[in-house]
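Source file: coords.cif; contents: mmCIF, C-alpha atoms.
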```
data_target
loop_
_atom_site.group_PDB
_atom_site.id
_atom_site.type_symbol
_atom_site.label_atom_id
_atom_site.label_comp_id
_atom_site.auth_asym_id
_atom_site.auth_seq_id
_atom_site.Cartn_x
_atom_site.Cartn_y
_atom_site.Cartn_z
ATOM 1 C CA MET A 1017 7.571 -29.890 -68.676
ATOM 2 C CA SER A 1018 9.337 -27.811 -66.029
ATOM 3 C CA ARG A 1019 11.994 -25.325 -66.989
ATOM 4 C CA ALA A 1020 14.854 -24.176 -64.834
ATOM 5 C CA LEU A 1021 14.705 -20.597 -63.681
ATOM 6 C CA PRO A 1022 17.143 -18.287 -65.472
ATOM 7 C CA LYS A 1023 20.119 -17.284 -63.382
ATOM 8 C CA TYR A 1024 18.946 -13.717 -62.958
ATOM 9 C CA ASN A 1025 15.648 -14.970 -61.566
ATOM 10 C CA LYS A 1026 17.497 -17.111 -59.054
ATOM 11 C CA ARG A 1027 19.459 -14.112 -57.943
ATOM 12 C CA ARG A 1028 16.242 -12.123 -57.687
ATOM 13 C CA VAL A 1029 14.622 -14.800 -55.534
ATOM 14 C CA THR A 1030 17.675 -14.858 -53.308
ATOM 15 C CA PHE A 1031 17.562 -11.088 -52.939
ATOM 16 C CA ILE A 1032 13.862 -11.086 -52.111
ATOM 17 C CA GLY A 1033 14.407 -13.751 -49.484
ATOM 18 C CA GLY A 1034 17.206 -11.701 -47.994
ATOM 19 C CA ALA A 1035 15.013 -8.622 -47.943
ATOM 20 C CA ALA A 1036 12.341 -10.595 -46.149
ATOM 21 C CA ALA A 1037 14.907 -11.739 -43.632
ATOM 22 C CA VAL A 1038 16.023 -8.176 -43.092
ATOM 23 C CA ALA A 1039 12.416 -7.078 -42.680
ATOM 24 C CA LEU A 1040 11.789 -9.829 -40.141
ATOM 25 C CA SER A 1041 14.937 -9.076 -38.210
ATOM 26 C CA GLY A 1042 14.043 -5.401 -38.324
ATOM 27 C CA THR A 1043 10.691 -6.230 -36.773
ATOM 28 C CA VAL A 1044 12.407 -8.123 -33.973
ATOM 29 C CA ILE A 1045 14.771 -5.234 -33.381
ATOM 30 C CA ALA A 1046 11.873 -2.801 -33.336
ATOM 31 C CA GLY A 1047 10.109 -5.074 -30.880
ATOM 32 C CA PHE A 1048 13.058 -4.954 -28.492
ATOM 33 C CA ALA A 1049 13.176 -1.179 -28.844
ATOM 34 C CA LEU A 1050 9.528 -0.901 -27.962
ATOM 35 C CA ALA A 1051 9.992 -3.071 -24.929
ATOM 36 C CA GLY A 1052 13.114 -1.542 -23.495
ATOM 37 C CA GLU A 1053 14.098 1.850 -24.862
ATOM 38 C CA GLY A 1054 12.901 5.201 -23.640
ATOM 39 C CA SER A 1055 12.797 8.478 -25.471
ATOM 40 C CA LYS A 1056 16.109 10.261 -25.914
ATOM 41 C CA SER A 1057 14.352 13.562 -26.470
ATOM 42 C CA ASP A 1058 13.497 15.974 -23.683
ATOM 43 C CA GLY A 1059 11.341 18.171 -25.917
ATOM 44 C CA ALA A 1060 7.764 18.776 -24.840
ATOM 45 C CA GLY A 1061 5.381 16.609 -26.817
ATOM 46 C CA ALA A 1062 8.227 14.604 -28.422
ATOM 47 C CA ARG A 1063 7.174 11.338 -30.019
ATOM 48 C CA THR A 1064 8.864 8.056 -29.182
ATOM 49 C CA LEU A 1065 8.332 4.365 -29.818
ATOM 50 C CA ALA A 1066 8.834 3.515 -26.154
ATOM 51 C CA GLY A 1067 5.243 2.560 -25.349
ATOM 52 C CA PRO A 1068 2.333 4.372 -23.709
ATOM 53 C CA GLY A 1069 4.275 5.777 -20.738
ATOM 54 C CA THR A 1070 2.962 6.270 -17.210
ATOM 55 C CA ILE A 1071 0.512 8.727 -15.714
ATOM 56 C CA THR A 1072 1.771 10.490 -12.614
ATOM 57 C CA CYS A 1073 -0.097 12.863 -10.328
ATOM 58 C CA PRO A 1074 0.818 15.280 -7.513
ATOM 59 C CA ASP A 1075 0.809 13.680 -4.075
ATOM 60 C CA VAL A 1076 -2.186 14.818 -2.022
ATOM 61 C CA ARG A 1077 -1.469 13.156 1.315
ATOM 62 C CA SER A 1078 1.696 15.172 1.917
ATOM 63 C CA LYS A 1079 -0.169 18.457 1.294
ATOM 64 C CA LEU A 1080 -2.874 17.876 3.900
ATOM 65 C CA PRO A 1081 -2.936 19.574 7.305
ATOM 66 C CA ALA A 1082 -3.427 17.537 10.471
ATOM 67 C CA VAL A 1083 -6.495 15.367 9.907
ATOM 68 C CA PRO A 1084 -9.041 15.349 12.772
ATOM 69 C CA ALA A 1085 -9.760 11.896 14.183
ATOM 70 C CA SER A 1086 -13.412 12.249 13.196
ATOM 71 C CA ALA A 1087 -12.415 12.710 9.526
ATOM 72 C CA LYS A 1088 -9.592 10.179 9.324
ATOM 73 C CA ALA A 1089 -11.595 7.240 7.960
ATOM 74 C CA GLU A 1090 -13.203 9.332 5.208
ATOM 75 C CA VAL A 1091 -9.921 11.007 4.287
ATOM 76 C CA ASP A 1092 -8.061 7.692 4.144
ATOM 77 C CA ARG A 1093 -10.808 6.196 1.995
ATOM 78 C CA ASN A 1094 -10.531 9.043 -0.504
ATOM 79 C CA LEU A 1095 -6.721 8.959 -0.514
ATOM 80 C CA THR A 1096 -6.971 5.276 -1.410
ATOM 81 C CA LEU A 1097 -9.459 6.197 -4.130
ATOM 82 C CA LEU A 1098 -6.957 8.686 -5.592
ATOM 83 C CA ASN A 1099 -4.440 5.859 -5.931
ATOM 84 C CA THR A 1100 -7.044 3.583 -7.491
ATOM 85 C CA GLN A 1101 -7.916 6.273 -10.024
ATOM 86 C CA ILE A 1102 -4.271 6.503 -11.092
ATOM 87 C CA GLN A 1103 -4.029 2.719 -11.367
ATOM 88 C CA GLU A 1104 -7.120 2.642 -13.555
ATOM 89 C CA ALA A 1105 -5.827 5.509 -15.724
ATOM 90 C CA ASN A 1106 -2.521 3.749 -16.353
ATOM 91 C CA LYS A 1107 -4.338 0.529 -17.255
ATOM 92 C CA ARG A 1108 -6.529 2.404 -19.701
ATOM 93 C CA LEU A 1109 -3.416 4.021 -21.172
ATOM 94 C CA VAL A 1110 -2.029 0.558 -21.939
ATOM 95 C CA ASP A 1111 -5.357 -0.881 -23.120
ATOM 96 C CA THR A 1112 -5.988 1.925 -25.634
ATOM 97 C CA VAL A 1113 -2.602 2.118 -27.370
ATOM 98 C CA GLY A 1114 -3.332 2.808 -31.027
ATOM 99 C CA GLN A 1115 -6.762 4.308 -30.493
ATOM 100 C CA GLY A 1116 -8.055 7.805 -31.053
ATOM 101 C CA GLY A 1117 -6.763 10.991 -32.593
ATOM 102 C CA PRO A 1118 -3.999 13.379 -31.527
ATOM 103 C CA ASN A 1119 -5.823 14.438 -28.342
ATOM 104 C CA PHE A 1120 -7.105 11.014 -27.311
ATOM 105 C CA VAL A 1121 -4.979 10.636 -24.170
ATOM 106 C CA GLN A 1122 -5.865 14.120 -22.936
ATOM 107 C CA ASN A 1123 -9.566 13.843 -23.735
ATOM 108 C CA ALA A 1124 -10.275 10.236 -22.819
ATOM 109 C CA ILE A 1125 -7.807 9.599 -19.976
ATOM 110 C CA LEU A 1126 -6.101 12.645 -18.428
ATOM 111 C CA GLY A 1127 -9.189 14.896 -18.583
ATOM 112 C CA PRO A 1128 -11.563 12.414 -16.926
ATOM 113 C CA LEU A 1129 -8.886 11.554 -14.358
ATOM 114 C CA LYS A 1130 -8.532 15.228 -13.406
ATOM 115 C CA ASP A 1131 -12.300 15.563 -12.980
ATOM 116 C CA LYS A 1132 -12.416 12.490 -10.732
ATOM 117 C CA ARG A 1133 -9.529 13.812 -8.655
ATOM 118 C CA VAL A 1134 -11.203 17.222 -8.265
ATOM 119 C CA ALA A 1135 -14.300 15.530 -6.854
ATOM 120 C CA THR A 1136 -12.196 13.319 -4.559
ATOM 121 C CA VAL A 1137 -9.972 16.065 -3.132
ATOM 122 C CA ASN A 1138 -13.074 18.192 -2.575
ATOM 123 C CA ARG A 1139 -14.527 15.390 -0.476
ATOM 124 C CA ILE A 1140 -11.276 15.245 1.496
ATOM 125 C CA ALA A 1141 -11.356 19.000 2.104
ATOM 126 C CA THR A 1142 -15.028 18.848 3.118
ATOM 127 C CA ALA A 1143 -14.385 15.985 5.565
ATOM 128 C CA ILE A 1144 -11.574 17.908 7.273
ATOM 129 C CA GLY A 1145 -13.568 21.147 7.219
ATOM 130 C CA ARG A 1146 -16.375 19.714 9.323
ATOM 131 C CA THR A 1147 -14.293 19.879 12.506
ATOM 132 C CA ALA A 1148 -11.206 21.931 11.542
ATOM 133 C CA ALA A 1149 -10.083 24.591 9.108
ATOM 134 C CA LYS A 1150 -10.992 23.441 5.596
ATOM 135 C CA PRO A 1151 -7.837 23.083 3.473
ATOM 136 C CA GLN A 1152 -7.794 25.350 0.431
ATOM 137 C CA GLY A 1153 -6.237 24.874 -2.998
ATOM 138 C CA LEU A 1154 -6.308 21.078 -3.168
ATOM 139 C CA ASP A 1155 -7.854 21.388 -6.640
ATOM 140 C CA ALA A 1156 -4.414 22.485 -7.842
ATOM 141 C CA LEU A 1157 -3.236 18.922 -7.241
ATOM 142 C CA ALA A 1158 -5.864 17.373 -9.524
ATOM 143 C CA ALA A 1159 -4.129 17.604 -12.907
ATOM 144 C CA CYS A 1160 -1.874 14.699 -13.865
ATOM 145 C CA THR A 1161 0.706 14.271 -16.619
ATOM 146 C CA LEU A 1162 1.841 11.606 -19.045
ATOM 147 C CA ASN A 1163 5.394 10.805 -18.013
ATOM 148 C CA GLY A 1164 8.204 9.428 -20.172
ATOM 149 C CA ALA A 1165 5.764 8.285 -22.817
ATOM 150 C CA GLY A 1166 5.730 7.880 -26.533
ATOM 151 C CA THR A 1167 2.431 8.198 -28.274
ATOM 152 C CA ASN A 1168 -0.776 6.275 -28.047
ATOM 153 C CA ALA A 1169 0.347 4.983 -31.423
ATOM 154 C CA GLY A 1170 -2.764 5.962 -33.301
ATOM 155 C CA GLY A 1171 -1.835 9.616 -33.213
ATOM 156 C CA GLY A 1172 -2.377 9.881 -29.474
ATOM 157 C CA ALA A 1173 -1.041 12.767 -27.445
ATOM 158 C CA ALA A 1174 2.665 12.496 -26.879
ATOM 159 C CA GLY A 1175 3.909 12.399 -23.342
ATOM 160 C CA LYS A 1176 5.823 15.147 -21.633
ATOM 161 C CA PRO A 1177 8.895 14.259 -19.633
ATOM 162 C CA GLN A 1178 8.430 15.056 -15.988
ATOM 163 C CA ALA A 1179 11.189 15.556 -13.490
ATOM 164 C CA GLY A 1180 10.836 13.577 -10.336
ATOM 165 C CA GLY A 1181 8.457 10.799 -9.560
ATOM 166 C CA ASN A 1182 5.058 10.614 -7.999
ATOM 167 C CA ALA A 1183 5.899 10.295 -4.337
ATOM 168 C CA GLY A 1184 3.027 8.849 -2.417
ATOM 169 C CA ASN A 1185 1.452 7.394 -5.537
ATOM 170 C CA ALA A 1186 4.377 5.187 -6.497
ATOM 171 C CA GLY A 1187 3.659 1.704 -7.739
ATOM 172 C CA ASN A 1188 0.257 2.566 -9.035
ATOM 173 C CA ALA A 1189 -0.319 1.077 -12.462
ATOM 174 C CA GLY A 1190 -3.413 1.418 -14.453
ATOM 175 C CA ASN A 1191 -6.802 3.398 -15.089
ATOM 176 C CA ALA A 1192 -9.690 1.682 -16.624
ATOM 177 C CA GLY A 1193 -10.861 5.280 -16.676
ATOM 178 C CA ASN A 1194 -14.284 5.079 -18.199
ATOM 179 C CA ALA A 1195 -13.784 1.507 -19.358
ATOM 180 C CA GLY A 1196 -16.893 -0.610 -19.296
ATOM 181 C CA ASN A 1197 -18.959 1.996 -21.089
ATOM 182 C CA ASN A 1198 -20.361 -0.082 -23.920
ATOM 183 C CA GLY A 1199 -22.672 0.394 -26.823
ATOM 184 C CA ASN A 1200 -21.502 3.818 -27.993
ATOM 185 C CA ALA A 1201 -21.128 3.665 -31.761
ATOM 186 C CA GLY A 1202 -18.575 6.453 -31.853
ATOM 187 C CA ASN A 1203 -19.097 10.043 -32.837
ATOM 188 C CA GLY A 1204 -19.902 9.345 -36.439
ATOM 189 C CA GLY A 1205 -22.752 10.923 -38.359
ATOM 190 C CA ALA A 1206 -25.025 13.474 -36.740
ATOM 191 C CA ALA A 1207 -23.734 14.736 -33.413
ATOM 192 C CA GLY A 1208 -26.991 14.485 -31.483
ATOM 193 C CA THR A 1209 -27.646 16.318 -28.218
ATOM 194 C CA ILE A 1210 -26.568 15.698 -24.643
ATOM 195 C CA THR A 1211 -29.350 15.938 -22.080
ATOM 196 C CA CYS A 1212 -29.019 15.784 -18.298
ATOM 197 C CA PRO A 1213 -31.437 15.477 -15.358
ATOM 198 C CA ASP A 1214 -32.631 18.785 -13.930
ATOM 199 C CA VAL A 1215 -31.012 19.523 -10.574
ATOM 200 C CA ARG A 1216 -32.776 22.760 -9.604
ATOM 201 C CA SER A 1217 -36.193 21.112 -9.368
ATOM 202 C CA LYS A 1218 -34.849 18.393 -7.057
ATOM 203 C CA LEU A 1219 -33.437 20.775 -4.451
ATOM 204 C CA PRO A 1220 -35.093 21.499 -1.115
ATOM 205 C CA ALA A 1221 -35.648 25.080 0.042
ATOM 206 C CA VAL A 1222 -32.319 26.863 -0.273
ATOM 207 C CA PRO A 1223 -31.260 28.950 2.759
ATOM 208 C CA ALA A 1224 -30.614 32.606 1.964
ATOM 209 C CA SER A 1225 -26.998 32.224 3.107
ATOM 210 C CA ALA A 1226 -26.436 29.521 0.460
ATOM 211 C CA LYS A 1227 -28.436 31.026 -2.404
ATOM 212 C CA ALA A 1228 -25.570 32.787 -4.184
ATOM 213 C CA GLU A 1229 -23.331 29.708 -4.119
ATOM 214 C CA VAL A 1230 -26.145 27.378 -5.176
ATOM 215 C CA ASP A 1231 -27.180 29.660 -8.055
ATOM 216 C CA ARG A 1232 -23.573 29.926 -9.197
ATOM 217 C CA ASN A 1233 -23.227 26.145 -9.327
ATOM 218 C CA LEU A 1234 -26.602 25.684 -11.047
ATOM 219 C CA THR A 1235 -25.374 28.077 -13.737
ATOM 220 C CA LEU A 1236 -22.167 26.063 -13.955
ATOM 221 C CA LEU A 1237 -24.184 22.881 -14.550
ATOM 222 C CA ASN A 1238 -25.808 24.544 -17.564
ATOM 223 C CA THR A 1239 -22.441 25.767 -18.832
ATOM 224 C CA GLN A 1240 -21.032 22.236 -18.560
ATOM 225 C CA ILE A 1241 -23.862 20.874 -20.724
ATOM 226 C CA GLN A 1242 -23.357 23.619 -23.312
ATOM 227 C CA GLU A 1243 -19.627 22.880 -23.463
ATOM 228 C CA ALA A 1244 -20.267 19.146 -23.802
ATOM 229 C CA ASN A 1245 -22.706 19.720 -26.678
ATOM 230 C CA LYS A 1246 -20.198 21.981 -28.416
ATOM 231 C CA ARG A 1247 -17.506 19.329 -28.032
ATOM 232 C CA LEU A 1248 -19.942 16.761 -29.414
ATOM 233 C CA VAL A 1249 -20.312 18.828 -32.582
ATOM 234 C CA ASP A 1250 -16.597 19.670 -32.839
ATOM 235 C CA THR A 1251 -15.514 16.025 -32.651
ATOM 236 C CA VAL A 1252 -17.919 14.396 -35.101
ATOM 237 C CA GLY A 1253 -16.049 11.583 -36.820
ATOM 238 C CA GLN A 1254 -13.303 11.292 -34.220
ATOM 239 C CA GLY A 1255 -12.386 8.400 -31.959
ATOM 240 C CA GLY A 1256 -13.364 4.780 -31.585
ATOM 241 C CA PRO A 1257 -16.605 3.104 -30.543
ATOM 242 C CA ASN A 1258 -16.520 4.499 -26.996
ATOM 243 C CA PHE A 1259 -15.254 7.993 -27.813
ATOM 244 C CA VAL A 1260 -18.388 9.934 -26.850
ATOM 245 C CA GLN A 1261 -18.749 8.076 -23.562
ATOM 246 C CA ASN A 1262 -15.081 8.262 -22.628
ATOM 247 C CA ALA A 1263 -14.211 11.736 -23.869
ATOM 248 C CA ILE A 1264 -17.481 13.636 -23.377
ATOM 249 C CA LEU A 1265 -20.178 11.946 -21.271
ATOM 250 C CA GLY A 1266 -17.778 10.467 -18.707
ATOM 251 C CA PRO A 1267 -15.924 13.734 -18.013
ATOM 252 C CA LEU A 1268 -19.259 15.603 -17.952
ATOM 253 C CA LYS A 1269 -20.593 13.243 -15.296
ATOM 254 C CA ASP A 1270 -17.486 13.726 -13.154
ATOM 255 C CA LYS A 1271 -17.816 17.515 -13.409
ATOM 256 C CA ARG A 1272 -21.495 17.340 -12.477
ATOM 257 C CA VAL A 1273 -20.749 15.113 -9.467
ATOM 258 C CA ALA A 1274 -18.306 17.711 -8.149
ATOM 259 C CA THR A 1275 -20.772 20.542 -8.825
ATOM 260 C CA VAL A 1276 -23.832 18.947 -7.203
ATOM 261 C CA ASN A 1277 -21.668 18.004 -4.214
ATOM 262 C CA ARG A 1278 -20.780 21.689 -3.816
ATOM 263 C CA ILE A 1279 -24.484 22.542 -3.971
ATOM 264 C CA ALA A 1280 -25.320 19.966 -1.307
ATOM 265 C CA THR A 1281 -22.457 21.183 0.901
ATOM 266 C CA ALA A 1282 -23.571 24.816 0.590
ATOM 267 C CA ILE A 1283 -27.118 23.968 1.653
ATOM 268 C CA GLY A 1284 -25.873 21.650 4.394
ATOM 269 C CA ARG A 1285 -24.004 24.410 6.197
ATOM 270 C CA THR A 1286 -27.258 25.899 7.562
ATOM 271 C CA ALA A 1287 -29.934 23.306 6.771
ATOM 272 C CA ALA A 1288 -30.371 19.586 6.185
ATOM 273 C CA LYS A 1289 -27.883 18.507 3.532
ATOM 274 C CA PRO A 1290 -29.735 17.090 0.503
ATOM 275 C CA GLN A 1291 -28.869 13.474 -0.250
ATOM 276 C CA GLY A 1292 -28.731 11.596 -3.529
ATOM 277 C CA LEU A 1293 -27.934 14.476 -5.853
ATOM 278 C CA ASP A 1294 -25.139 12.341 -7.345
ATOM 279 C CA SER A 1295 -27.834 10.275 -9.027
ATOM 280 C CA LEU A 1296 -28.564 13.323 -11.229
ATOM 281 C CA ALA A 1297 -25.009 13.528 -12.557
ATOM 282 C CA ALA A 1298 -25.159 11.079 -15.472
ATOM 283 C CA CYS A 1299 -26.251 12.457 -18.834
ATOM 284 C CA THR A 1300 -27.316 10.776 -22.055
ATOM 285 C CA LEU A 1301 -26.772 11.255 -25.770
ATOM 286 C CA THR A 1302 -29.950 11.691 -27.783
ATOM 287 C CA LYS A 1303 -29.545 11.187 -31.531
#
```

Before we go any further, please render this structure as structure tokens.
Amino acid sequence: MSRALPKYNKRRVTFIGGAAAVALSGTVIAGFALAGEGSKSDGAGARTLAGPGTITCPDVRSKLPAVPASAKAEVDRNLTLLNTQIQEANKRLVDTVGQGGPNFVQNAILGPLKDKRVATVNRIATAIGRTAAKPQGLDALAACTLNGAGTNAGGGAAGKPQAGGNAGNAGNAGNAGNAGNNGNAGNGGAAGTITCPDVRSKLPAVPASAKAEVDRNLTLLNTQIQEANKRLVDTVGQGGPNFVQNAILGPLKDKRVATVNRIATAIGRTAAKPQGLDSLAACTLTK
């Protein structure tokens, strides 16, 4: 036999329903804020609920000298690649909202993007330098920033407001960064060891005029592996399933590409330039 609820219970039910309505409406309001509001704080590293933000990078095209006709196609191809890299980085920024620790954006997106841009602007400088004065200092344009952003919502690095836009790279959205790197079970458990193909043994005879530069870059390759292994140990337990690939192996590969390209260029100034050294850039994690 059913019994009527006491009056106080009815009032309680009404109140709970109202609270639920408030909670729901609050969610809707928060949703609109996420979609349309930016940060009202200009403080460096300030957190906001405004979404992942946008990655912007210094414009390279406007900093180049006159490009020789013989280098134009290669330079244009690499300038286009710089834009593609920014597009992919912005896409990855959106796709990974909520992932990683406090340094996720820097380690998994901005860091790898900088390494890719270093390699690309070096190719631009090399192309120009074959028939004209090689432009210096383009590496200074490689670092990018997270503009007008909140946080990557899982404790990601907060964005820093940046005055001005990204002239020359406007309209670029997205970086798949190192997306597509599958099968990495995160950096849980034992750190393992990063191993890389040996470059020294694959080089041809090194001209005396290039020996110092080649040796310096071979040493740098070893330093890069040591740093990557240290980072592997320091970040045990951090990140999602692709953390090691995105934040350690991917950036390491990009650094090695730039380094072996410098080795090949140094040898190529006075002898046949070695080909295919890029194939030695990728490293693996051994558990």

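Checking A:Gln1122, A:Thr1136, A:Thr1275, A:Gln1152 one by one against Thr1239 in chain A, counting only C-alpha atoms, you find the shortest gap at A:Thr1275.
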
Please put the answer as AutoDock Vina command-line options: centre and edge lengths, in Å with one decimal, of a box along x, y and z that encloses all listed atoms of range 1261-1280 of chain A plus 8 Å on each side.
```
--center_x -19.8 --center_y 15.3 --center_z -12.6 --size_x 27.1 --size_y 30.5 --size_z 38.6
```

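Here CA of Lys1088 in chain A stands at a distance of 24.2 Å from CA of Glu1104 in chain A.
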
For the file shown, report as a PyMOL selection string the outcome of the PyMOL selection byres ((chain A and resi 1279) around 12) at residue level.
chain A and resi 1215-1216+1218-1220+1222-1223+1226-1237+1272-1278+1280-1285+1289-1294

List every residue of range 1220-1263 of chain A that has an atom at most 12 Å from any atom of range 1105-1112 of chain A, giving for each one its closest atom pair and the distance in Å to one decimal, counting all atoms listed in the file, sorted by chain and then by ascending residue number, as JSON lines.
```
{"residue": "A:Gly1255", "atom": "CA", "partner": "A:Thr1112", "partner_atom": "CA", "distance": 11.1}
{"residue": "A:Gly1256", "atom": "CA", "partner": "A:Thr1112", "partner_atom": "CA", "distance": 9.9}
{"residue": "A:Pro1257", "atom": "CA", "partner": "A:Thr1112", "partner_atom": "CA", "distance": 11.8}
{"residue": "A:Asn1258", "atom": "CA", "partner": "A:Thr1112", "partner_atom": "CA", "distance": 10.9}
{"residue": "A:Phe1259", "atom": "CA", "partner": "A:Thr1112", "partner_atom": "CA", "distance": 11.3}
{"residue": "A:Asn1262", "atom": "CA", "partner": "A:Arg1108", "partner_atom": "CA", "distance": 10.8}
```

Closest of A:Thr1072, A:Ile1144, A:Ile1210, A:Asn1099 to Ala1087 in chain A, counting all atoms listed in the file, is A:Ile1144

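Taking CA of Lys1130 in chain A as the reference point, CA of Gln1240 in chain A is found at 15.2 Å.
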
Excluding Leu1248 in chain A and any residue of its chain fewer than 6 positions from it, enumerate the residues within 9 Å of it, using only C-alpha atoms, and give them as JSON, numbers by chain.
{"A": [1203, 1207, 1208, 1209, 1210, 1260, 1264]}
